[in-house]
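Trainee: Handing you a structure now.
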Amino acid sequence: MDTPGGTIPGARAIAQAAERYRDRTGHPVIAYVTGMAASGGMYAMAGADHIYADQGTMIGSIGVIMGPFAHYSGVTQIDNGILSGGVSADSIEQFYLTQGTGKDFGNAFREMTDEERAVYTSDIAREYDVFVQWVADERGISTETIRNELGAYLYDAQTAVDKNLADAVMGRDEAFRQAATDSGVDPGDTRIIADTTPGALSRLFGADSSRIFGHGAPMTNGTATSELCTSATTVFAWSANPVQACGS
C-alpha cells in the first residue's frame, strides 16, 4: 500500500472486499505499507489480520475532510490585465440561479452560512464516527484513544506500531517472508508471482500489449505513472521487478 487516502466509498469498498475474501477463503489478509497509508488507506487496511510497515512509512490520519472551500472578502476584480495579475477594479459580483436551500454551497464570493456549516459538519461527523468505530473494532483501540490521542495525525512506522495502528516494521523481503509464514506456508519454498503483460491471445482480443492487467499505463520517457507515485512525486529508484513498472 502507498496512498494518501481517497473517497469514503472507495476505502470502505476495499475494506469490505478484504473482509469478504477472508470469510470466503479462510485465508488471512495482510497489508504491507511502503510509503504511506493515510486516511482512506488506514480505513481500507484496518481490518487486515496483520499490518506491516516499511521503514520510512507514514500511517494514520484518521479523520474526514470536505473541501477546500474559498471565500474572498472585499474582492473587486481578479486579475487586472493580460500581462499582470492581482486584485483590483471597483466591484465584482458572482451569483447562481438556484432552487433548494444551500444549492450554491461553496460559492467563493459569499461566506458559508451557519446553517450550511452545521449541516455539512454533521455529515462528516457521522462518517467520522463510522471510521473511528471501524478502526477501534478492527485494531483493538478504544474510540476515546482514537479521538483524543491519535486524532488525524500521521505517524512514522515505529510510532504507528507503538500506537497499534500497525503490527511490525519490516523491509520488503522480511515482510513477504512473514506474509508467507502468516499464511501457513514455508517462506523458503514460496515464490512471488508478478503480473506480466498480456499474451498473444489476449492481444488478439484487443488487450494493450504494453500494459499489465490491472495496472496503470507504462512509464514513458522516464516519467513514473500513478502506480508508483502520487501527486507530482518523482521516482528515483525502483527495487521490484521492472516488469511491474515498465510493462515489458
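Here's how to read the names in the C-alpha cells: chain A, B, ... by the order shown, residue numbers from 1 in each chain, ligand numbers from 1 in the order shown.
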List the spatial neighbours of region 145-150 of chain A as a PyMOL selection string - criterion: any atom at most 12 Å away, only C-alpha atoms, same-chain residues fewer than 6 positions off excluded.
Mentor: chain A and resi 59-63+125+128-129+131-137+139+159-160+162-165
Trainee: If you run DSSP on the backbone here, which positions in region 98-174 of chain A get helix (DSSP H, G or I)? Please write them as a short mmCIF file (atom, residue, chain, number, x, y, z; two decimals) with all heavy atoms, in the first residue's frame.
Mentor:
data_model
loop_
_atom_site.label_atom_id
_atom_site.label_comp_id
_atom_site.auth_asym_id
_atom_site.auth_seq_id
_atom_site.Cartn_x
_atom_site.Cartn_y
_atom_site.Cartn_z
N ASP A 114 -24.17 29.83 8.76
CA ASP A 114 -24.12 28.99 9.96
C ASP A 114 -24.88 27.68 9.74
O ASP A 114 -24.47 26.62 10.20
CB ASP A 114 -24.71 29.74 11.15
CG ASP A 114 -23.84 30.91 11.59
OD1 ASP A 114 -22.65 30.92 11.24
OD2 ASP A 114 -24.37 31.82 12.27
N GLU A 115 -26.01 27.77 9.02
CA GLU A 115 -26.80 26.57 8.75
C GLU A 115 -26.04 25.60 7.86
O GLU A 115 -26.02 24.39 8.11
CB GLU A 115 -28.13 26.96 8.09
CG GLU A 115 -29.03 25.76 7.82
CD GLU A 115 -30.34 26.15 7.15
OE1 GLU A 115 -30.51 27.34 6.82
OE2 GLU A 115 -31.19 25.25 6.96
N GLU A 116 -25.38 26.11 6.83
CA GLU A 116 -24.58 25.25 5.94
C GLU A 116 -23.45 24.60 6.72
O GLU A 116 -23.18 23.39 6.56
CB GLU A 116 -24.03 26.07 4.78
CG GLU A 116 -25.07 26.48 3.76
CD GLU A 116 -24.55 27.47 2.76
OE1 GLU A 116 -23.55 28.17 3.06
OE2 GLU A 116 -25.13 27.58 1.66
N ARG A 117 -22.78 25.38 7.53
CA ARG A 117 -21.67 24.83 8.32
C ARG A 117 -22.16 23.71 9.22
O ARG A 117 -21.52 22.65 9.34
CB ARG A 117 -21.03 25.94 9.14
CG ARG A 117 -19.73 25.53 9.85
CD ARG A 117 -19.17 26.69 10.65
NE ARG A 117 -18.86 27.82 9.80
CZ ARG A 117 -17.72 27.96 9.14
NH1 ARG A 117 -16.79 27.02 9.25
NH2 ARG A 117 -17.49 29.03 8.40
N ALA A 118 -23.32 23.90 9.86
CA ALA A 118 -23.86 22.89 10.76
C ALA A 118 -24.26 21.62 10.00
O ALA A 118 -23.99 20.50 10.45
CB ALA A 118 -25.07 23.46 11.51
N VAL A 119 -24.90 21.78 8.84
CA VAL A 119 -25.36 20.64 8.05
C VAL A 119 -24.19 19.79 7.60
O VAL A 119 -24.17 18.56 7.79
CB VAL A 119 -26.20 21.10 6.85
CG1 VAL A 119 -26.41 19.94 5.87
CG2 VAL A 119 -27.54 21.66 7.30
N TYR A 120 -23.18 20.42 7.01
CA TYR A 120 -22.07 19.66 6.45
C TYR A 120 -21.13 19.13 7.53
O TYR A 120 -20.52 18.07 7.36
CB TYR A 120 -21.32 20.50 5.41
CG TYR A 120 -22.13 20.66 4.14
CD1 TYR A 120 -22.80 21.85 3.85
CD2 TYR A 120 -22.28 19.60 3.26
CE1 TYR A 120 -23.56 21.98 2.70
CE2 TYR A 120 -23.04 19.72 2.10
CZ TYR A 120 -23.68 20.91 1.84
OH TYR A 120 -24.45 21.03 0.70
N THR A 121 -21.01 19.86 8.63
CA THR A 121 -20.23 19.34 9.75
C THR A 121 -20.89 18.09 10.32
O THR A 121 -20.22 17.11 10.68
CB THR A 121 -20.07 20.40 10.85
OG1 THR A 121 -19.38 21.53 10.34
CG2 THR A 121 -19.29 19.84 12.04
N SER A 122 -22.22 18.10 10.38
CA SER A 122 -22.95 16.92 10.84
C SER A 122 -22.73 15.74 9.91
O SER A 122 -22.57 14.59 10.36
CB SER A 122 -24.44 17.25 10.93
OG SER A 122 -25.19 16.09 11.29
N ASP A 123 -22.70 16.00 8.60
CA ASP A 123 -22.47 14.93 7.62
C ASP A 123 -21.12 14.26 7.84
O ASP A 123 -21.03 13.02 7.90
CB ASP A 123 -22.53 15.50 6.20
CG ASP A 123 -23.94 15.89 5.80
OD1 ASP A 123 -24.89 15.46 6.49
OD2 ASP A 123 -24.10 16.62 4.81
N ILE A 124 -20.06 15.07 7.92
CA ILE A 124 -18.74 14.46 8.05
C ILE A 124 -18.53 13.88 9.44
O ILE A 124 -17.74 12.94 9.63
CB ILE A 124 -17.61 15.44 7.69
CG1 ILE A 124 -17.55 16.62 8.66
CG2 ILE A 124 -17.75 15.94 6.26
CD1 ILE A 124 -16.35 17.54 8.40
N ALA A 125 -19.25 14.41 10.45
CA ALA A 125 -19.16 13.86 11.80
C ALA A 125 -19.69 12.43 11.81
O ALA A 125 -19.14 11.55 12.49
CB ALA A 125 -19.93 14.72 12.79
N ARG A 126 -20.78 12.18 11.07
CA ARG A 126 -21.35 10.85 11.02
C ARG A 126 -20.37 9.87 10.36
O ARG A 126 -20.18 8.74 10.84
CB ARG A 126 -22.67 10.88 10.25
CG ARG A 126 -23.36 9.52 10.19
CD ARG A 126 -24.72 9.60 9.53
NE ARG A 126 -25.66 10.39 10.33
CZ ARG A 126 -26.06 11.62 10.03
NH1 ARG A 126 -25.61 12.23 8.94
NH2 ARG A 126 -26.92 12.26 10.80
N GLU A 127 -19.76 10.30 9.27
CA GLU A 127 -18.78 9.44 8.61
C GLU A 127 -17.55 9.22 9.48
O GLU A 127 -16.96 8.15 9.50
CB GLU A 127 -18.37 10.06 7.26
CG GLU A 127 -19.48 10.11 6.23
CD GLU A 127 -19.98 8.74 5.82
OE1 GLU A 127 -19.28 7.73 6.10
OE2 GLU A 127 -21.06 8.66 5.22
N TYR A 128 -17.18 10.25 10.22
CA TYR A 128 -16.04 10.13 11.14
C TYR A 128 -16.34 9.11 12.23
O TYR A 128 -15.48 8.29 12.59
CB TYR A 128 -15.73 11.49 11.76
CG TYR A 128 -14.61 11.48 12.77
CD1 TYR A 128 -13.34 11.03 12.44
CD2 TYR A 128 -14.83 11.93 14.08
CE1 TYR A 128 -12.31 11.02 13.37
CE2 TYR A 128 -13.81 11.92 15.02
CZ TYR A 128 -12.55 11.47 14.66
OH TYR A 128 -11.54 11.46 15.59
N ASP A 129 -17.56 9.13 12.76
CA ASP A 129 -17.96 8.16 13.78
C ASP A 129 -17.80 6.73 13.26
O ASP A 129 -17.31 5.84 13.97
CB ASP A 129 -19.41 8.39 14.20
CG ASP A 129 -19.59 9.67 15.00
OD1 ASP A 129 -18.57 10.21 15.48
OD2 ASP A 129 -20.74 10.14 15.12
N VAL A 130 -18.25 6.50 12.03
CA VAL A 130 -18.14 5.17 11.43
C VAL A 130 -16.69 4.77 11.25
O VAL A 130 -16.28 3.64 11.55
CB VAL A 130 -18.88 5.13 10.07
CG1 VAL A 130 -18.66 3.78 9.39
CG2 VAL A 130 -20.37 5.39 10.25
N PHE A 131 -15.87 5.71 10.78
CA PHE A 131 -14.43 5.48 10.57
C PHE A 131 -13.76 5.11 11.90
O PHE A 131 -13.03 4.11 12.00
CB PHE A 131 -13.82 6.76 9.98
CG PHE A 131 -12.41 6.63 9.49
CD1 PHE A 131 -11.78 7.73 8.91
CD2 PHE A 131 -11.68 5.46 9.59
CE1 PHE A 131 -10.49 7.66 8.45
CE2 PHE A 131 -10.38 5.36 9.12
CZ PHE A 131 -9.78 6.47 8.56
N VAL A 132 -14.01 5.91 12.92
CA VAL A 132 -13.40 5.68 14.23
C VAL A 132 -13.81 4.31 14.78
O VAL A 132 -12.98 3.55 15.29
CB VAL A 132 -13.79 6.80 15.21
CG1 VAL A 132 -13.43 6.41 16.65
CG2 VAL A 132 -13.10 8.10 14.83
N GLN A 133 -15.09 3.99 14.70
CA GLN A 133 -15.58 2.72 15.23
C GLN A 133 -14.97 1.54 14.49
O GLN A 133 -14.63 0.51 15.10
CB GLN A 133 -17.10 2.66 15.15
CG GLN A 133 -17.72 1.54 15.97
CD GLN A 133 -17.43 1.71 17.45
OE1 GLN A 133 -17.77 2.73 18.05
NE2 GLN A 133 -16.80 0.70 18.05
N TRP A 134 -14.82 1.68 13.17
CA TRP A 134 -14.23 0.59 12.37
C TRP A 134 -12.79 0.33 12.80
O TRP A 134 -12.40 -0.82 13.03
CB TRP A 134 -14.30 0.96 10.89
CG TRP A 134 -13.53 0.08 9.97
CD1 TRP A 134 -12.38 0.37 9.32
CD2 TRP A 134 -13.85 -1.27 9.57
NE1 TRP A 134 -11.96 -0.69 8.55
CE2 TRP A 134 -12.85 -1.71 8.69
CE3 TRP A 134 -14.91 -2.13 9.89
CZ2 TRP A 134 -12.86 -2.97 8.11
CZ3 TRP A 134 -14.91 -3.40 9.31
CH2 TRP A 134 -13.90 -3.81 8.44
N VAL A 135 -11.99 1.38 12.91
CA VAL A 135 -10.59 1.21 13.33
C VAL A 135 -10.53 0.68 14.76
O VAL A 135 -9.71 -0.19 15.08
CB VAL A 135 -9.82 2.54 13.20
CG1 VAL A 135 -8.39 2.38 13.74
CG2 VAL A 135 -9.76 3.00 11.75
N ALA A 136 -11.38 1.18 15.61
CA ALA A 136 -11.40 0.74 17.01
C ALA A 136 -11.70 -0.76 17.10
O ALA A 136 -11.02 -1.50 17.83
CB ALA A 136 -12.43 1.54 17.80
N ASP A 137 -12.71 -1.20 16.38
CA ASP A 137 -13.10 -2.61 16.43
C ASP A 137 -12.02 -3.52 15.84
O ASP A 137 -11.73 -4.59 16.40
CB ASP A 137 -14.41 -2.82 15.67
CG ASP A 137 -15.60 -2.18 16.35
OD1 ASP A 137 -15.49 -1.87 17.55
OD2 ASP A 137 -16.63 -1.98 15.69
N GLU A 138 -11.46 -3.10 14.71
CA GLU A 138 -10.53 -3.97 13.99
C GLU A 138 -9.12 -3.96 14.57
O GLU A 138 -8.40 -4.96 14.50
CB GLU A 138 -10.48 -3.58 12.52
CG GLU A 138 -11.81 -3.73 11.79
CD GLU A 138 -12.31 -5.16 11.79
OE1 GLU A 138 -11.49 -6.08 11.74
OE2 GLU A 138 -13.55 -5.35 11.88
N ARG A 139 -8.70 -2.83 15.17
CA ARG A 139 -7.34 -2.73 15.70
C ARG A 139 -7.29 -2.84 17.21
O ARG A 139 -6.20 -2.82 17.80
CB ARG A 139 -6.71 -1.41 15.26
CG ARG A 139 -6.49 -1.28 13.76
CD ARG A 139 -5.55 -2.36 13.23
NE ARG A 139 -4.26 -2.35 13.89
CZ ARG A 139 -3.35 -3.30 13.72
NH1 ARG A 139 -3.59 -4.34 12.95
NH2 ARG A 139 -2.19 -3.23 14.36
N THR A 143 -12.23 3.96 21.17
CA THR A 143 -12.64 5.12 20.40
C THR A 143 -12.14 6.41 21.05
O THR A 143 -11.82 7.38 20.36
CB THR A 143 -14.18 5.18 20.26
OG1 THR A 143 -14.77 5.17 21.56
CG2 THR A 143 -14.69 3.98 19.46
N GLU A 144 -12.07 6.42 22.39
CA GLU A 144 -11.58 7.61 23.09
C GLU A 144 -10.11 7.87 22.75
O GLU A 144 -9.70 9.03 22.58
CB GLU A 144 -11.74 7.44 24.61
CG GLU A 144 -13.17 7.45 25.10
CD GLU A 144 -13.89 6.13 24.84
OE1 GLU A 144 -13.20 5.13 24.50
OE2 GLU A 144 -15.13 6.10 24.97
N THR A 145 -9.32 6.81 22.64
CA THR A 145 -7.91 6.97 22.29
C THR A 145 -7.77 7.52 20.88
O THR A 145 -6.95 8.40 20.62
CB THR A 145 -7.17 5.62 22.40
OG1 THR A 145 -7.20 5.19 23.76
CG2 THR A 145 -5.72 5.75 21.95
N ILE A 146 -8.57 7.00 19.96
CA ILE A 146 -8.51 7.47 18.59
C ILE A 146 -8.90 8.93 18.50
O ILE A 146 -8.23 9.74 17.85
CB ILE A 146 -9.42 6.62 17.68
CG1 ILE A 146 -8.89 5.17 17.62
CG2 ILE A 146 -9.49 7.22 16.28
CD1 ILE A 146 -9.79 4.23 16.85
N ARG A 147 -9.98 9.30 19.17
CA ARG A 147 -10.47 10.68 19.08
C ARG A 147 -9.55 11.67 19.81
O ARG A 147 -9.26 12.75 19.28
CB ARG A 147 -11.88 10.77 19.68
CG ARG A 147 -12.95 10.05 18.88
CD ARG A 147 -14.29 10.14 19.59
NE ARG A 147 -15.33 9.39 18.89
CZ ARG A 147 -16.02 9.86 17.86
NH1 ARG A 147 -15.80 11.10 17.42
NH2 ARG A 147 -16.94 9.12 17.28
N ASN A 148 -9.11 11.31 21.01
CA ASN A 148 -8.44 12.27 21.87
C ASN A 148 -6.92 12.21 21.82
O ASN A 148 -6.26 13.20 22.17
CB ASN A 148 -8.90 12.08 23.33
CG ASN A 148 -10.40 12.21 23.47
OD1 ASN A 148 -11.03 13.02 22.80
ND2 ASN A 148 -10.98 11.42 24.36
N GLU A 149 -6.37 11.06 21.39
CA GLU A 149 -4.92 10.93 21.38
C GLU A 149 -4.36 10.82 19.97
O GLU A 149 -3.48 11.60 19.58
CB GLU A 149 -4.49 9.71 22.20
CG GLU A 149 -2.98 9.49 22.23
CD GLU A 149 -2.58 8.24 22.98
OE1 GLU A 149 -3.36 7.79 23.86
OE2 GLU A 149 -1.50 7.69 22.68
N LEU A 150 -4.88 9.87 19.19
CA LEU A 150 -4.34 9.67 17.84
C LEU A 150 -4.77 10.79 16.91
O LEU A 150 -3.98 11.26 16.08
CB LEU A 150 -4.81 8.33 17.29
CG LEU A 150 -4.41 7.08 18.08
CD1 LEU A 150 -4.87 5.84 17.34
CD2 LEU A 150 -2.91 7.05 18.31
N ALA A 157 6.54 4.78 11.09
CA ALA A 157 6.22 3.36 11.17
C ALA A 157 6.29 2.81 12.59
O ALA A 157 5.38 2.12 13.05
CB ALA A 157 7.14 2.57 10.25
N GLN A 158 7.38 3.10 13.32
CA GLN A 158 7.52 2.54 14.66
C GLN A 158 6.49 3.13 15.63
O GLN A 158 5.94 2.41 16.47
CB GLN A 158 8.93 2.79 15.20
CG GLN A 158 9.20 2.11 16.53
CD GLN A 158 8.94 0.60 16.48
OE1 GLN A 158 9.53 -0.10 15.67
NE2 GLN A 158 8.06 0.10 17.35
N THR A 159 6.21 4.43 15.49
CA THR A 159 5.18 5.03 16.35
C THR A 159 3.82 4.43 16.04
O THR A 159 3.00 4.20 16.94
CB THR A 159 5.15 6.55 16.16
OG1 THR A 159 6.43 7.10 16.48
CG2 THR A 159 4.10 7.19 17.05
N ALA A 160 3.57 4.15 14.76
CA ALA A 160 2.30 3.51 14.39
C ALA A 160 2.18 2.14 15.04
O ALA A 160 1.10 1.75 15.48
CB ALA A 160 2.21 3.38 12.87
N VAL A 161 3.28 1.41 15.11
CA VAL A 161 3.28 0.11 15.80
C VAL A 161 3.01 0.32 17.29
O VAL A 161 2.21 -0.39 17.90
CB VAL A 161 4.61 -0.62 15.58
CG1 VAL A 161 4.69 -1.87 16.46
CG2 VAL A 161 4.77 -1.01 14.12
N ASP A 162 3.71 1.29 17.88
CA ASP A 162 3.54 1.56 19.31
C ASP A 162 2.09 1.92 19.65
O ASP A 162 1.60 1.61 20.73
CB ASP A 162 4.46 2.70 19.75
CG ASP A 162 5.93 2.34 19.62
OD1 ASP A 162 6.25 1.13 19.56
OD2 ASP A 162 6.77 3.27 19.58
N ARG A 172 10.96 -5.00 2.76
CA ARG A 172 10.16 -5.73 1.77
C ARG A 172 10.36 -7.24 1.85
O ARG A 172 9.38 -8.00 1.96
CB ARG A 172 10.52 -5.22 0.37
CG ARG A 172 9.78 -5.92 -0.76
CD ARG A 172 10.28 -5.45 -2.11
NE ARG A 172 9.67 -6.16 -3.20
CZ ARG A 172 8.51 -5.81 -3.77
NH1 ARG A 172 7.87 -4.74 -3.33
NH2 ARG A 172 8.00 -6.51 -4.76
N ASP A 173 11.59 -7.71 1.80
CA ASP A 173 11.84 -9.16 1.81
C ASP A 173 11.37 -9.80 3.10
O ASP A 173 10.74 -10.86 3.09
CB ASP A 173 13.34 -9.43 1.60
CG ASP A 173 13.81 -9.08 0.21
OD1 ASP A 173 12.95 -8.94 -0.69
OD2 ASP A 173 15.03 -8.93 0.02
N GLU A 174 11.67 -9.15 4.22
CA GLU A 174 11.26 -9.69 5.52
C GLU A 174 9.74 -9.75 5.62
O GLU A 174 9.17 -10.73 6.12
CB GLU A 174 11.82 -8.83 6.64
CG GLU A 174 11.51 -9.34 8.04
CD GLU A 174 12.00 -8.40 9.13
OE1 GLU A 174 12.50 -7.30 8.81
OE2 GLU A 174 11.88 -8.79 10.31
#
Trainee: Go through A:Met112, A:Ser39, A:Gly47, A:Gly184 one by one, measure the shortest atom-to-atom distance of each to Gly140 (chain A) using only C-alpha atoms, and give the residue with the smallest value.
Mentor: A:Gly47
Trainee: Just how far from CA of Thr98 (chain A) is CA of Glu111 (chain A), in Å to one decimal?
Mentor: 16.6 Å
Trainee: Between A:Val33, A:Leu204, A:Val64, A:Ala53, which is the closest to Gly6 (chain A) once you count only C-alpha atoms?
Mentor: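 Result for the nearest residue to Gly6 (chain A): A:Val64.
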Trainee: For each of A:Gly100, A:Ala166, A:Ala180, A:Gly151, take the minimum atom-to-atom distance to Ala46 (chain A), counting only C-alpha atoms, then give the residue where this is smallest.
Mentor: A:Ala166
Trainee: Set the distance at 9 Å and use only C-alpha atoms: which residues neighbour Gly10 (chain A) once local chain neighbours fewer than 4 positions away are removed? I'd like the list as a list of chain:residue names.
Mentor: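 Within the cut-off, the hits are A:Gly6, A:Ile14, A:Ala15, A:Gly40, A:Ala44.
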Trainee: So, with only C-alpha atoms as the atoms that count, which of A:Leu201, A:Asp49, A:Ile30, A:Gly35 lies closest to Phe176 (chain A)?
Mentor: A:Ile30
Trainee: Could you give me the residues within region 136-209 of chain A that DSSP places in strand (DSSP E or B), as a list in words?
Mentor: Leu154, Tyr155, Asp156, Ala168 and Val169 of chain A
Trainee: Given the choices A:Val169, A:Val185, A:Ile192, A:Ala48, which gets closest to Gln16 (chain A) if the distance is worked out from only C-alpha atoms?
Mentor: A:Ala48
Trainee: So what do you get for CA of Gly5 (chain A) versus CA of Met66 (chain A), distance-wise?
Mentor: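 One can read the CA of Gly5 (chain A) to CA of Met66 (chain A) distance as 12.9 Å.
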